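Everything below concerns the one structure shown next.
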Number of protein chains: 2
Amino acid sequence: MRISTRGEYGVRAMFDLAIHYGQGPISLKTIAERQLVSEHYLEQLMAALRRAGLVTSKRGAQGGYELADSPEQIRIGDIIRVLEGPITPLDCLDVSTKTGPYCGQPEQCVLRGLWKSLQDSMEQVLDNTTLEDLRQDAFRLKVAENR
Amino acid sequence: MRISTRGEYGVRAMFDLAIHYGQGPISLKTIAERQLVSEHYLEQLMAALRRAGLVTSKRGAQGGYELADSPEQIRIGDIIRVLEGPITPLDCLDVSTKTGPYCGQPEQCVLRGLWKSLQDSMEQVLDNTTLEDLRQDAFRLKVAENR
DNA sequence: TCAATTCCAACGACTTTACTCGGAATTGAT
DNA sequence: ATCAATTCCGAGTAAAGTCGTTGGAATTGA
């Protein structure tokens, strides 16, 4: 029931881009240093996010990455799906790969309700949180810190 | 964000035991055949469930496994924790392994709120469903089937 | 021109997953 | 007493996934 470092680092990187949204492209090196993750590894994750259209990139000196959309338009679920695949506890629930409604056995249909509830509750959290929400959390935390 | 076959088969097996609760020990062979899973593999899972005290076993002819408690006393979360480990999207949220409240960086504390919400929503589903709930779902499904 | 940067493809060590295999110990039925 | 059914136990294993690293080509602003 874990997300891997792909999802974890990816969300961290996107969060970083959200915090610095509107300040021009941010280089991988900067993000990697601030978020304490391997630069080359993060590069792979950013490539996936770029291909998925969540970030734009600019090559060369002073290049880097930017959010392709404003932070309130990007849901955490969008990021996780790109980096971890469909959000589902069991493959058979994923519409793109499911073989049939009963997975072969009618009995499993009973359990299907359970797994579906689990999936729904996960998606509910992940799709109702945007980068803007996290940005505001960070802001509030900083204010509280300085008091 | 998946559970492995350990959790999936384990819940299937426990569900099977719940359906036949009170009918004496059920053999691995029977469960494996009904639930279409490998008998030897299931054996490992049952061993873990036995060591955790969720089932009792009886060796020898006419032996097998039984729920250690009535179906309404066994939560799906209990089963998953035994077979998959703590229910948490990130290790740093797990109290038994966490290194500190901020995982090193204060910024992560922002994301921590997100991951904690996700964890809570998963545990809420898994700990509020018991084997008895599934048993009743199965019963209702069967009634509907025969109409 | 050059340093900074993204882009790309491959490799590798390690862990996990999902089993299989072989056999010892136990037990109810005959 | 024997035997078949069954749990119990430890090891092995092939494939996939995780978490990176390595090396270099292409692009771009100063």
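Numbering starts fresh at 1 for the residues of each chain in the structure tokens, the chains themselves are lettered A, B, ... in the order given, and ligands are numbered from 1 as they appear.
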Could you superpose chain A on chain B by least squares over every Cα, matched in sequence order, and send it back as a PDB file with C-alpha atoms, in the first residue's frame?
```
ATOM      1  CA  MET A   1      -0.619   2.250  -4.814  1.00  0.00           C
ATOM      2  CA  ARG A   2      -1.388  -1.460  -5.143  1.00  0.00           C
ATOM      3  CA  ILE A   3      -1.786  -4.263  -2.704  1.00  0.00           C
ATOM      4  CA  SER A   4       0.051  -7.398  -3.722  1.00  0.00           C
ATOM      5  CA  THR A   5      -1.403 -10.855  -4.138  1.00  0.00           C
ATOM      6  CA  ARG A   6      -0.466 -11.522  -0.512  1.00  0.00           C
ATOM      7  CA  GLY A   7      -3.123  -9.116   0.657  1.00  0.00           C
ATOM      8  CA  GLU A   8      -5.556  -9.998  -2.079  1.00  0.00           C
ATOM      9  CA  TYR A   9      -5.356 -13.777  -1.621  1.00  0.00           C
ATOM     10  CA  GLY A  10      -5.224 -13.422   2.143  1.00  0.00           C
ATOM     11  CA  VAL A  11      -8.466 -11.464   2.223  1.00  0.00           C
ATOM     12  CA  ARG A  12     -10.038 -13.964  -0.171  1.00  0.00           C
ATOM     13  CA  ALA A  13      -9.016 -16.839   2.085  1.00  0.00           C
ATOM     14  CA  MET A  14     -10.258 -15.112   5.226  1.00  0.00           C
ATOM     15  CA  PHE A  15     -13.502 -14.279   3.460  1.00  0.00           C
ATOM     16  CA  ASP A  16     -13.857 -17.948   2.585  1.00  0.00           C
ATOM     17  CA  LEU A  17     -13.300 -18.918   6.217  1.00  0.00           C
ATOM     18  CA  ALA A  18     -15.887 -16.335   7.265  1.00  0.00           C
ATOM     19  CA  ILE A  19     -18.480 -17.763   4.868  1.00  0.00           C
ATOM     20  CA  HIS A  20     -17.923 -21.204   6.383  1.00  0.00           C
ATOM     21  CA  TYR A  21     -17.461 -20.024   9.940  1.00  0.00           C
ATOM     22  CA  GLY A  22     -18.668 -22.511  12.543  1.00  0.00           C
ATOM     23  CA  GLN A  23     -18.361 -25.515  10.255  1.00  0.00           C
ATOM     24  CA  GLY A  24     -15.111 -26.828  11.694  1.00  0.00           C
ATOM     25  CA  PRO A  25     -11.638 -26.527  10.186  1.00  0.00           C
ATOM     26  CA  ILE A  26     -11.361 -25.919   6.443  1.00  0.00           C
ATOM     27  CA  SER A  27      -8.357 -27.354   4.651  1.00  0.00           C
ATOM     28  CA  LEU A  28      -5.954 -25.306   2.588  1.00  0.00           C
ATOM     29  CA  LYS A  29      -6.776 -27.478  -0.388  1.00  0.00           C
ATOM     30  CA  THR A  30     -10.451 -26.565  -0.168  1.00  0.00           C
ATOM     31  CA  ILE A  31      -9.767 -22.854   0.190  1.00  0.00           C
ATOM     32  CA  ALA A  32      -7.201 -22.881  -2.605  1.00  0.00           C
ATOM     33  CA  GLU A  33      -9.625 -24.623  -4.948  1.00  0.00           C
ATOM     34  CA  ARG A  34     -12.546 -22.379  -4.122  1.00  0.00           C
ATOM     35  CA  GLN A  35     -10.501 -19.198  -4.339  1.00  0.00           C
ATOM     36  CA  LEU A  36      -8.392 -20.333  -7.299  1.00  0.00           C
ATOM     37  CA  VAL A  37      -5.023 -19.650  -5.720  1.00  0.00           C
ATOM     38  CA  SER A  38      -1.865 -21.739  -5.363  1.00  0.00           C
ATOM     39  CA  GLU A  39      -2.092 -24.027  -2.350  1.00  0.00           C
ATOM     40  CA  HIS A  40       1.561 -23.816  -1.383  1.00  0.00           C
ATOM     41  CA  TYR A  41       1.610 -20.071  -1.738  1.00  0.00           C
ATOM     42  CA  LEU A  42      -1.538 -19.712   0.342  1.00  0.00           C
ATOM     43  CA  GLU A  43       0.130 -21.878   2.983  1.00  0.00           C
ATOM     44  CA  GLN A  44       2.700 -19.141   3.566  1.00  0.00           C
ATOM     45  CA  LEU A  45       0.001 -16.562   3.966  1.00  0.00           C
ATOM     46  CA  MET A  46      -1.985 -18.693   6.387  1.00  0.00           C
ATOM     47  CA  ALA A  47       1.155 -19.299   8.437  1.00  0.00           C
ATOM     48  CA  ALA A  48       1.533 -15.540   8.853  1.00  0.00           C
ATOM     49  CA  LEU A  49      -2.128 -15.149   9.767  1.00  0.00           C
ATOM     50  CA  ARG A  50      -1.823 -17.963  12.287  1.00  0.00           C
ATOM     51  CA  ARG A  51       1.271 -16.440  13.905  1.00  0.00           C
ATOM     52  CA  ALA A  52      -0.637 -13.146  14.110  1.00  0.00           C
ATOM     53  CA  GLY A  53      -3.480 -14.897  15.880  1.00  0.00           C
ATOM     54  CA  LEU A  54      -6.150 -14.306  13.238  1.00  0.00           C
ATOM     55  CA  VAL A  55      -6.705 -17.998  12.508  1.00  0.00           C
ATOM     56  CA  THR A  56      -6.214 -21.262  14.359  1.00  0.00           C
ATOM     57  CA  SER A  57      -5.072 -24.451  12.705  1.00  0.00           C
ATOM     58  CA  LYS A  58      -5.521 -28.140  13.253  1.00  0.00           C
ATOM     59  CA  ARG A  59      -3.024 -30.584  11.822  1.00  0.00           C
ATOM     60  CA  GLY A  60      -3.571 -34.039  10.429  1.00  0.00           C
ATOM     61  CA  ALA A  61      -6.492 -35.629   8.633  1.00  0.00           C
ATOM     62  CA  GLN A  62      -9.671 -33.541   8.762  1.00  0.00           C
ATOM     63  CA  GLY A  63      -7.477 -30.680   9.855  1.00  0.00           C
ATOM     64  CA  GLY A  64      -7.480 -27.175   8.463  1.00  0.00           C
ATOM     65  CA  TYR A  65      -7.940 -23.560   9.420  1.00  0.00           C
ATOM     66  CA  GLU A  66     -10.628 -21.638  11.264  1.00  0.00           C
ATOM     67  CA  LEU A  67     -11.080 -17.983  12.143  1.00  0.00           C
ATOM     68  CA  ALA A  68      -9.701 -17.350  15.611  1.00  0.00           C
ATOM     69  CA  ASP A  69     -12.583 -14.947  16.237  1.00  0.00           C
ATOM     70  CA  SER A  70     -16.095 -14.363  14.957  1.00  0.00           C
ATOM     71  CA  PRO A  71     -16.260 -12.575  11.572  1.00  0.00           C
ATOM     72  CA  GLU A  72     -17.472  -9.291  13.067  1.00  0.00           C
ATOM     73  CA  GLN A  73     -14.350  -9.132  15.224  1.00  0.00           C
ATOM     74  CA  ILE A  74     -11.940  -9.319  12.297  1.00  0.00           C
ATOM     75  CA  ARG A  75     -11.314  -6.163  10.304  1.00  0.00           C
ATOM     76  CA  ILE A  76      -9.909  -6.204   6.789  1.00  0.00           C
ATOM     77  CA  GLY A  77      -7.225  -3.824   8.012  1.00  0.00           C
ATOM     78  CA  ASP A  78      -6.033  -6.475  10.472  1.00  0.00           C
ATOM     79  CA  ILE A  79      -5.515  -8.923   7.624  1.00  0.00           C
ATOM     80  CA  ILE A  80      -3.787  -6.419   5.375  1.00  0.00           C
ATOM     81  CA  ARG A  81      -1.409  -5.298   8.126  1.00  0.00           C
ATOM     82  CA  VAL A  82      -0.286  -8.871   8.735  1.00  0.00           C
ATOM     83  CA  LEU A  83       0.291  -9.630   5.069  1.00  0.00           C
ATOM     84  CA  GLU A  84       1.393  -6.269   3.674  1.00  0.00           C
ATOM     85  CA  GLY A  85       2.779  -4.398   6.649  1.00  0.00           C
ATOM     86  CA  PRO A  86       1.568  -1.052   7.975  1.00  0.00           C
ATOM     87  CA  ILE A  87      -1.128   0.691   5.961  1.00  0.00           C
ATOM     88  CA  THR A  88       0.664   3.852   4.918  1.00  0.00           C
ATOM     89  CA  PRO A  89       1.535   5.506   1.618  1.00  0.00           C
ATOM     90  CA  LEU A  90       4.967   6.520   2.958  1.00  0.00           C
ATOM     91  CA  ASP A  91       7.235   4.827   5.480  1.00  0.00           C
ATOM     92  CA  CYS A  92       7.901   8.100   7.257  1.00  0.00           C
ATOM     93  CA  LEU A  93       4.263   8.181   8.416  1.00  0.00           C
ATOM     94  CA  ASP A  94       4.529   4.847  10.163  1.00  0.00           C
ATOM     95  CA  VAL A  95       5.080   5.441  13.860  1.00  0.00           C
ATOM     96  CA  SER A  96       7.180   2.304  14.237  1.00  0.00           C
ATOM     97  CA  THR A  97       9.803   3.416  11.734  1.00  0.00           C
ATOM     98  CA  LYS A  98       9.627   7.181  11.592  1.00  0.00           C
ATOM     99  CA  THR A  99      12.824   9.044  12.213  1.00  0.00           C
ATOM    100  CA  GLY A 100      11.287  12.360  13.200  1.00  0.00           C
ATOM    101  CA  PRO A 101       8.202  14.494  12.814  1.00  0.00           C
ATOM    102  CA  TYR A 102       9.627  16.493   9.908  1.00  0.00           C
ATOM    103  CA  CYS A 103      11.537  13.742   8.091  1.00  0.00           C
ATOM    104  CA  GLY A 104      14.485  16.129   8.095  1.00  0.00           C
ATOM    105  CA  GLN A 105      12.989  19.029   6.180  1.00  0.00           C
ATOM    106  CA  PRO A 106      10.299  21.386   7.432  1.00  0.00           C
ATOM    107  CA  GLU A 107       8.874  21.681   3.905  1.00  0.00           C
ATOM    108  CA  GLN A 108       7.982  18.042   3.930  1.00  0.00           C
ATOM    109  CA  CYS A 109       5.708  18.769   6.808  1.00  0.00           C
ATOM    110  CA  VAL A 110       3.373  20.378   4.303  1.00  0.00           C
ATOM    111  CA  LEU A 111       3.271  17.236   2.230  1.00  0.00           C
ATOM    112  CA  ARG A 112       2.977  15.192   5.380  1.00  0.00           C
ATOM    113  CA  GLY A 113      -0.552  16.528   5.822  1.00  0.00           C
ATOM    114  CA  LEU A 114      -1.455  15.241   2.390  1.00  0.00           C
ATOM    115  CA  TRP A 115       0.007  11.789   2.947  1.00  0.00           C
ATOM    116  CA  LYS A 116      -1.582  11.587   6.360  1.00  0.00           C
ATOM    117  CA  SER A 117      -5.005  12.334   4.867  1.00  0.00           C
ATOM    118  CA  LEU A 118      -4.440   9.597   2.336  1.00  0.00           C
ATOM    119  CA  GLN A 119      -3.415   7.166   5.040  1.00  0.00           C
ATOM    120  CA  ASP A 120      -6.402   8.058   7.191  1.00  0.00           C
ATOM    121  CA  SER A 121      -8.828   7.545   4.351  1.00  0.00           C
ATOM    122  CA  MET A 122      -7.354   4.151   3.533  1.00  0.00           C
ATOM    123  CA  GLU A 123      -7.422   3.006   7.139  1.00  0.00           C
ATOM    124  CA  GLN A 124     -10.945   4.301   7.524  1.00  0.00           C
ATOM    125  CA  VAL A 125     -12.203   1.980   4.782  1.00  0.00           C
ATOM    126  CA  LEU A 126     -10.114  -1.003   5.782  1.00  0.00           C
ATOM    127  CA  ASP A 127     -10.777  -0.801   9.513  1.00  0.00           C
ATOM    128  CA  ASN A 128     -14.487  -0.145   9.217  1.00  0.00           C
ATOM    129  CA  THR A 129     -15.096  -3.241   7.128  1.00  0.00           C
ATOM    130  CA  THR A 130     -15.202  -6.585   8.908  1.00  0.00           C
ATOM    131  CA  LEU A 131     -15.436 -10.093   7.557  1.00  0.00           C
ATOM    132  CA  GLU A 132     -19.038 -10.080   8.759  1.00  0.00           C
ATOM    133  CA  ASP A 133     -19.788  -7.147   6.466  1.00  0.00           C
ATOM    134  CA  LEU A 134     -18.407  -9.085   3.513  1.00  0.00           C
ATOM    135  CA  ARG A 135     -20.314 -12.196   4.582  1.00  0.00           C
ATOM    136  CA  GLN A 136     -23.539 -10.226   4.523  1.00  0.00           C
ATOM    137  CA  ASP A 137     -22.700  -8.679   1.159  1.00  0.00           C
ATOM    138  CA  ALA A 138     -22.176 -12.191  -0.188  1.00  0.00           C
ATOM    139  CA  PHE A 139     -25.488 -13.325   1.247  1.00  0.00           C
ATOM    140  CA  ARG A 140     -27.369 -10.388  -0.243  1.00  0.00           C
ATOM    141  CA  LEU A 141     -25.713 -11.002  -3.590  1.00  0.00           C
ATOM    142  CA  LYS A 142     -26.747 -14.618  -3.555  1.00  0.00           C
ATOM    143  CA  VAL A 143     -30.328 -13.750  -2.725  1.00  0.00           C
ATOM    144  CA  ALA A 144     -30.422 -11.228  -5.559  1.00  0.00           C
ATOM    145  CA  GLU A 145     -28.913 -13.835  -7.881  1.00  0.00           C
ATOM    146  CA  ASN A 146     -31.649 -16.360  -7.160  1.00  0.00           C
ATOM    147  CA  ARG A 147     -34.483 -13.974  -7.839  1.00  0.00           C
TER     148      ARG A 147
END
```
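By only C-alpha atoms (C1' of nucleotides), and with residues fewer than 2 positions from DG10 in chain D along its chain excluded, the set lying at most 10 Å from it is C:DG22, C:DG23, D:DC8, D:DG12.
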Task: Check: which chain C residues lie within 9 Å of chain B using only C-alpha atoms (C1' of nucleotides), as number ranges by chain - done: C: 17-20, 26-29
TODO: Pick out the chain D residues within 9 Å of chain A. Count only C-alpha atoms (C1' of nucleotides). Give them as JSON, numbers by chain.
DONE: {"D": [18, 19, 20, 21, 27, 28, 29, 30]}
TODO: Within 12 Å of DA9 in chain C, counting only C-alpha atoms (C1' of nucleotides), which residues show up once you throw out same-chain ones fewer than 3 positions away? Write them as a PyMOL selection string, please.
DONE: (chain A and resi 44) or (chain D and resi 22-25)
Restricted to all heavy atoms, what would the selected residues look like written as a short mmCIF file (atom, residue, chain, number, x, y, z; two decimals), in the first residue's frame?
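Okay, part.cif is ready:
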```cif
data_model
loop_
_atom_site.label_atom_id
_atom_site.label_comp_id
_atom_site.auth_asym_id
_atom_site.auth_seq_id
_atom_site.Cartn_x
_atom_site.Cartn_y
_atom_site.Cartn_z
N GLN A 44 14.48 11.79 -14.84
CA GLN A 44 13.57 10.80 -15.43
C GLN A 44 12.12 11.10 -15.10
O GLN A 44 11.22 10.95 -15.93
CB GLN A 44 13.89 9.40 -14.92
CG GLN A 44 15.22 8.88 -15.40
CD GLN A 44 15.51 7.51 -14.81
OE1 GLN A 44 14.60 6.78 -14.43
NE2 GLN A 44 16.78 7.17 -14.73
P DT D 22 28.10 6.86 -10.99
OP1 DT D 22 29.26 6.16 -10.42
OP2 DT D 22 27.84 8.29 -10.68
"O5'" DT D 22 28.15 6.72 -12.58
"C5'" DT D 22 27.90 5.45 -13.16
"C4'" DT D 22 28.00 5.56 -14.67
"O4'" DT D 22 26.69 5.75 -15.23
"C3'" DT D 22 28.85 6.72 -15.18
"O3'" DT D 22 29.83 6.19 -16.07
"C2'" DT D 22 27.87 7.64 -15.89
"C1'" DT D 22 26.75 6.69 -16.27
N1 DT D 22 25.40 7.30 -16.36
C2 DT D 22 24.62 7.03 -17.46
O2 DT D 22 24.97 6.33 -18.39
N3 DT D 22 23.38 7.63 -17.44
C4 DT D 22 22.86 8.44 -16.45
O4 DT D 22 21.74 8.91 -16.54
C5 DT D 22 23.74 8.68 -15.33
C7 DT D 22 23.28 9.54 -14.20
C6 DT D 22 24.96 8.10 -15.34
P DG D 23 31.08 7.12 -16.54
OP1 DG D 23 32.25 6.24 -16.69
OP2 DG D 23 31.16 8.35 -15.71
"O5'" DG D 23 30.58 7.54 -17.99
"C5'" DG D 23 30.05 6.54 -18.86
"C4'" DG D 23 29.52 7.22 -20.11
"O4'" DG D 23 28.14 7.61 -19.89
"C3'" DG D 23 30.27 8.49 -20.47
"O3'" DG D 23 30.65 8.41 -21.84
"C2'" DG D 23 29.27 9.61 -20.21
"C1'" DG D 23 27.94 8.91 -20.41
N9 DG D 23 26.82 9.52 -19.71
C8 DG D 23 26.83 10.08 -18.45
N7 DG D 23 25.67 10.56 -18.11
C5 DG D 23 24.85 10.31 -19.19
C6 DG D 23 23.47 10.60 -19.39
O6 DG D 23 22.68 11.15 -18.64
N1 DG D 23 23.04 10.16 -20.65
C2 DG D 23 23.82 9.53 -21.57
N2 DG D 23 23.23 9.18 -22.72
N3 DG D 23 25.10 9.25 -21.40
C4 DG D 23 25.54 9.67 -20.18
P DG D 24 31.64 9.51 -22.52
OP1 DG D 24 32.60 8.77 -23.34
OP2 DG D 24 32.12 10.46 -21.49
"O5'" DG D 24 30.65 10.27 -23.49
"C5'" DG D 24 29.82 9.47 -24.35
"C4'" DG D 24 28.59 10.24 -24.72
"O4'" DG D 24 27.79 10.53 -23.56
"C3'" DG D 24 28.88 11.60 -25.36
"O3'" DG D 24 28.20 11.66 -26.59
"C2'" DG D 24 28.30 12.60 -24.38
"C1'" DG D 24 27.16 11.76 -23.81
N9 DG D 24 26.54 12.33 -22.62
C8 DG D 24 27.13 12.63 -21.43
N7 DG D 24 26.29 13.16 -20.56
C5 DG D 24 25.09 13.20 -21.24
C6 DG D 24 23.81 13.66 -20.84
O6 DG D 24 23.48 14.16 -19.75
N1 DG D 24 22.87 13.51 -21.83
C2 DG D 24 23.11 12.98 -23.08
N2 DG D 24 22.09 12.92 -23.92
N3 DG D 24 24.29 12.54 -23.48
C4 DG D 24 25.23 12.68 -22.51
P DA D 25 28.86 12.47 -27.82
OP1 DA D 25 29.55 11.49 -28.69
OP2 DA D 25 29.57 13.65 -27.28
"O5'" DA D 25 27.56 12.97 -28.60
"C5'" DA D 25 26.47 12.06 -28.82
"C4'" DA D 25 25.16 12.83 -28.83
"O4'" DA D 25 24.82 13.19 -27.47
"C3'" DA D 25 25.22 14.13 -29.63
"O3'" DA D 25 24.07 14.20 -30.46
"C2'" DA D 25 25.21 15.22 -28.57
"C1'" DA D 25 24.45 14.57 -27.43
N9 DA D 25 24.79 15.07 -26.10
C8 DA D 25 26.00 15.00 -25.47
N7 DA D 25 26.01 15.53 -24.27
C5 DA D 25 24.70 15.97 -24.10
C6 DA D 25 24.06 16.62 -23.02
N6 DA D 25 24.67 16.93 -21.88
N1 DA D 25 22.75 16.92 -23.17
C2 DA D 25 22.14 16.59 -24.32
N3 DA D 25 22.65 15.98 -25.39
C4 DA D 25 23.94 15.69 -25.21
#
```
- [ ] Figure out the distance between C1' of DT15 in chain C and C1' of DT7 in chain D, please, to one decimal in Å.
- [x]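 Interatomic distance, C1' of DT7 in chain D to C1' of DT15 in chain C: 29.8 Å.
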- [ ] Give me every helix (DSSP H, G or I) residue in range 12-126 of chain B, going by DSSP on the backbone, as a VMD selection string.
- [x] chain B and resid 12 to 19 28 to 35 39 to 51 71 to 73 76 to 84 91 to 93 106 to 126
Task: DSSP-assigned strand (DSSP E or B) members of chain A, reported as a list in words - done: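 Answer for chain A restricted to strand (DSSP E or B) is Ile26, Val55, Thr56, Ser57, Lys58, Gly64, Tyr65, Glu66, Leu67, Arg75 and Thr130 of chain A.
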TODO: Work out how far C1' of DG17 in chain D is from C1' of DA10 in chain C, in Å to one decimal.
DONE: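 Between C1' of DA10 in chain C and C1' of DG17 in chain D the gap is 17.1 Å.
With C1' of DA25 in chain C on one side and C1' of DA4 in chain D on the other, the separation reads 14.2 Å.
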